[in-house]
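Structure first, then comments.
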Amino acid sequence: MEWVREGGLTAGDTVLLTVRPDRSLLINSDQSKMKKNVRSKVDMTASEDQEENFRLLVANYLVGYDIIRILSPGGFSAAERKYLKESARRRLIGIEIVEETRTEIILQNLLNFQDISLEKSLQSMFRIIYSMMEDSVVALKEADMELAKDIIQRDNDVDKFYLLSVRQIKAALDDSTLAGKIGIKDSKDCLGYRLIIKLMERIGDHVQGISHSVIQMDGEKGIHDEIIEMGLLSQKLFQDSFNAVMSIDTDLANHVMRTSKMSIALGNKIIQKSEHSEKAYCLSGERQRKIIESFQRISEYSADIAEMVINMKATHIKQAVSEKAQALEQA
């Protein structure tokens, strides 16, 4: 009865029964009621720290609120209003300003979860990061500051798909019906996907860091070929790790984990050589080490993604065995 009251159910309302992988039944209230509950309003008071206030906005976006109302009793300053509106549009997918007054800004999520699968979100995130990695190698070769600046701007798009994916995963954990509609077959995979997208987001951050180093080069060309080679290797590792995720390919995942060790070793070799022969490298030792370490972190994160694929595959096998055993018992 407590569940009925909390869900606002009355006589004649519809409930949905969903069979879980472990053969248990999940009972949900009607989708129209669930959607009504999700479309809640959250009051927030603007603080002096604009980024802190935006983090609160992001937190409410991630937990699934479709309407977010930001209040400032004393009224928003022009700078506060501009920061919140621009940050929401630049960093949150589906969020639009639908109403605003001197003391209130109302944002609404206009994106339907069913319009985009988690796989599409991950693919979009991957394509942006991979293009950033390709261009970062070119920017290093050519000391192209304008290209490096463009790469840095693209990291905002990575963050947008990262936050969208987190929102999707959180919603999938609350609603198994929605999980199936966005392509998550088993809620046990949610943790794996959550870790994978965080690793992808960190890879994007390191590519952004490499681009900052290019800008600091201030047009200085002549980066060593071994560093470029390492950049290309880390790029291929990231591509292979993502392909392993899409196909749950453990053979490819193991290949990534083996090759990542080679990439890290190559980085250490370059650092050691540069310490004994500064003339062989045109960049300062500190900046060069920073670039190499970023490529090493990308290789390590790619290996971590590959490890998650192996773990997810093991979970799938265990689930299949359990289902087969249950079927035999019933037979």
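Chain identifiers are assigned as A, B, and so on, following the order in which chains appear in the structure tokens; residues are numbered from 1 within each chain, and ligands are numbered from 1 in order of appearance.
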Would you pick out the contacts of Ile305 of chain A at 7 Å or less, using only C-alpha atoms, so that residues sharing its chain but fewer than 6 positions from it are not included, and give the list as a PyMOL selection string? chain A and resi 196+199+241
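Taking only segment 77-309 of chain A, the residues that DSSP calls strand (DSSP E) from the backbone come to A:Ile95, A:Glu96, A:Ile97, A:Val98, A:Glu99, A:Glu100, A:Glu104, A:Ile105, A:Ile106, A:Leu107, A:Gln108, A:Asn109.
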Selected residue, from A:Arg91, A:Arg154, A:Lys269, A:Arg167, that lies nearest to Asn112 of chain A when counting only C-alpha atoms: A:Arg167
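Among the candidate residues A:Lys85, A:His212, A:Arg90, A:His255, the one lying nearest to Ala303 of chain A is A:His255, with distances computed using only C-alpha atoms.
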Distance query Ile128 of chain A at most 12 Å, only C-alpha atoms, self and fewer than 5 positions along chain excluded, as a PyMOL selection string: chain A and resi 121-123+133-135+150-162+200-201+203-204+207-208+239
Restricting the calculation to only C-alpha atoms, which member of A:Arg258, A:His206, A:Lys236, A:His316 is positioned closest to Ser187 of chain A? A:His316
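Atom to atom, atom CA of Ser165 of chain A and atom CA of Ser124 of chain A stand 10.5 Å apart.
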Tell me which protein, DNA and RNA residues are within 9 Å of Phe242 of chain A, counting only C-alpha atoms, leaving out same-chain ones fewer than 5 positions away, and put them as an MDAnalysis selection string. chainID A and resid 123 126 237 247 302 305:306
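The space separating atom CA of Met246 of chain A from atom CA of Thr177 of chain A comes to 21.5 Å.
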Could you name the residues that touch Arg287 of chain A at 12 Å or less, counting only C-alpha atoms, but leaving out those on the same chain fewer than 3 positions away, as a VMD selection string? chain A and resid 140 209 to 217 223 271 274 281 to 284 290 to 294
Selected residues written out, N, CA and C atoms, as a compact mmCIF listing (two decimals), in the first residue's frame:
```
# COMPACT_ATOMS: atom_id res chain seq x y z
N LEU A 140 50.51 18.93 -33.76
CA LEU A 140 51.85 18.75 -33.23
C LEU A 140 52.90 18.82 -34.34
N GLY A 209 44.59 18.75 -23.39
CA GLY A 209 45.85 19.15 -22.78
C GLY A 209 46.99 19.19 -23.79
N ILE A 210 47.02 18.22 -24.69
CA ILE A 210 48.04 18.20 -25.76
C ILE A 210 47.90 19.44 -26.62
N SER A 211 46.66 19.83 -26.90
CA SER A 211 46.41 21.01 -27.73
C SER A 211 46.89 22.28 -27.04
N HIS A 212 46.72 22.34 -25.73
CA HIS A 212 47.25 23.49 -24.97
C HIS A 212 48.78 23.55 -25.11
N SER A 213 49.42 22.39 -25.11
CA SER A 213 50.87 22.35 -25.27
C SER A 213 51.28 22.87 -26.65
N VAL A 214 50.49 22.55 -27.67
CA VAL A 214 50.76 23.04 -29.03
C VAL A 214 50.71 24.56 -29.06
N ILE A 215 49.72 25.11 -28.38
CA ILE A 215 49.59 26.58 -28.33
C ILE A 215 50.81 27.19 -27.64
N GLN A 216 51.29 26.52 -26.60
CA GLN A 216 52.47 27.01 -25.88
C GLN A 216 53.74 26.92 -26.73
N MET A 217 53.72 26.04 -27.74
CA MET A 217 54.87 25.93 -28.66
C MET A 217 55.05 27.21 -29.47
N ILE A 223 58.80 18.68 -34.00
CA ILE A 223 58.59 17.67 -32.95
C ILE A 223 59.14 16.32 -33.43
N ILE A 271 61.36 9.56 -23.26
CA ILE A 271 61.75 10.45 -22.15
C ILE A 271 63.20 10.22 -21.76
N SER A 274 65.55 11.66 -24.40
CA SER A 274 65.58 13.12 -24.39
C SER A 274 66.41 13.66 -23.24
N TYR A 281 65.64 16.84 -29.60
CA TYR A 281 64.25 17.24 -29.46
C TYR A 281 64.17 18.76 -29.43
N CYS A 282 63.20 19.28 -30.17
CA CYS A 282 63.09 20.73 -30.27
C CYS A 282 62.27 21.34 -29.13
N LEU A 283 61.43 20.55 -28.51
CA LEU A 283 60.61 21.08 -27.44
C LEU A 283 61.36 21.08 -26.12
N SER A 284 60.91 21.94 -25.20
CA SER A 284 61.51 21.92 -23.87
C SER A 284 61.19 20.59 -23.21
N LYS A 290 55.14 16.36 -20.81
CA LYS A 290 53.71 16.50 -20.60
C LYS A 290 52.93 15.88 -21.76
N ILE A 291 53.38 16.11 -22.99
CA ILE A 291 52.73 15.54 -24.17
C ILE A 291 52.82 14.02 -24.16
N ILE A 292 54.01 13.52 -23.87
CA ILE A 292 54.22 12.07 -23.84
C ILE A 292 53.36 11.42 -22.76
N GLU A 293 53.31 12.04 -21.59
CA GLU A 293 52.51 11.48 -20.50
C GLU A 293 51.03 11.47 -20.83
N SER A 294 50.58 12.48 -21.59
CA SER A 294 49.17 12.48 -22.01
C SER A 294 48.89 11.31 -22.95
```
Residue among A:Ile227, A:Leu56, A:Ala314, A:Ile197 lying closest to Thr250 of chain A, counting only C-alpha atoms: A:Ala314
Please list as a list in words every residue within 12 Å of Leu25 of chain A, counting only C-alpha atoms and excluding residues in the same chain fewer than 6 positions away.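 My reading of the contact set: Val15, Leu16, Leu17, Thr18, Val19, Ser176 and Thr177 of chain A.
By chain and then residue number, the residues within 10 Å of Thr101 of chain A are Leu71, Gly75 and Phe76 of chain A, counting only C-alpha atoms and disregarding those fewer than 6 positions away in sequence.
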Using atom CA of Ile95 of chain A and atom CA of Ile68 of chain A as the two end points, give the distance in Å to one decimal.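 It comes out at 9.6 Å.
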Filtered DSSP result for segment 74-191 of chain A, state alpha helix (DSSP H), as a ChimeraX atom specification: /A:78-91,118-142,145-174,176-181,189-191
Considering only C-alpha atoms, can you say which of A:Arg102, A:Ile27, A:Asp13, A:Glu96 comes closest to Ser77 of chain A?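 Nearest to Ser77 of chain A: A:Arg102.
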Could you check the closest approach to Gly231 of chain A for each of A:Tyr65, A:Tyr301, A:Phe295, A:Tyr193 and tell me which residue wins, using only C-alpha atoms?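 Among the listed residues, A:Phe295 lies closest to Gly231 of chain A.
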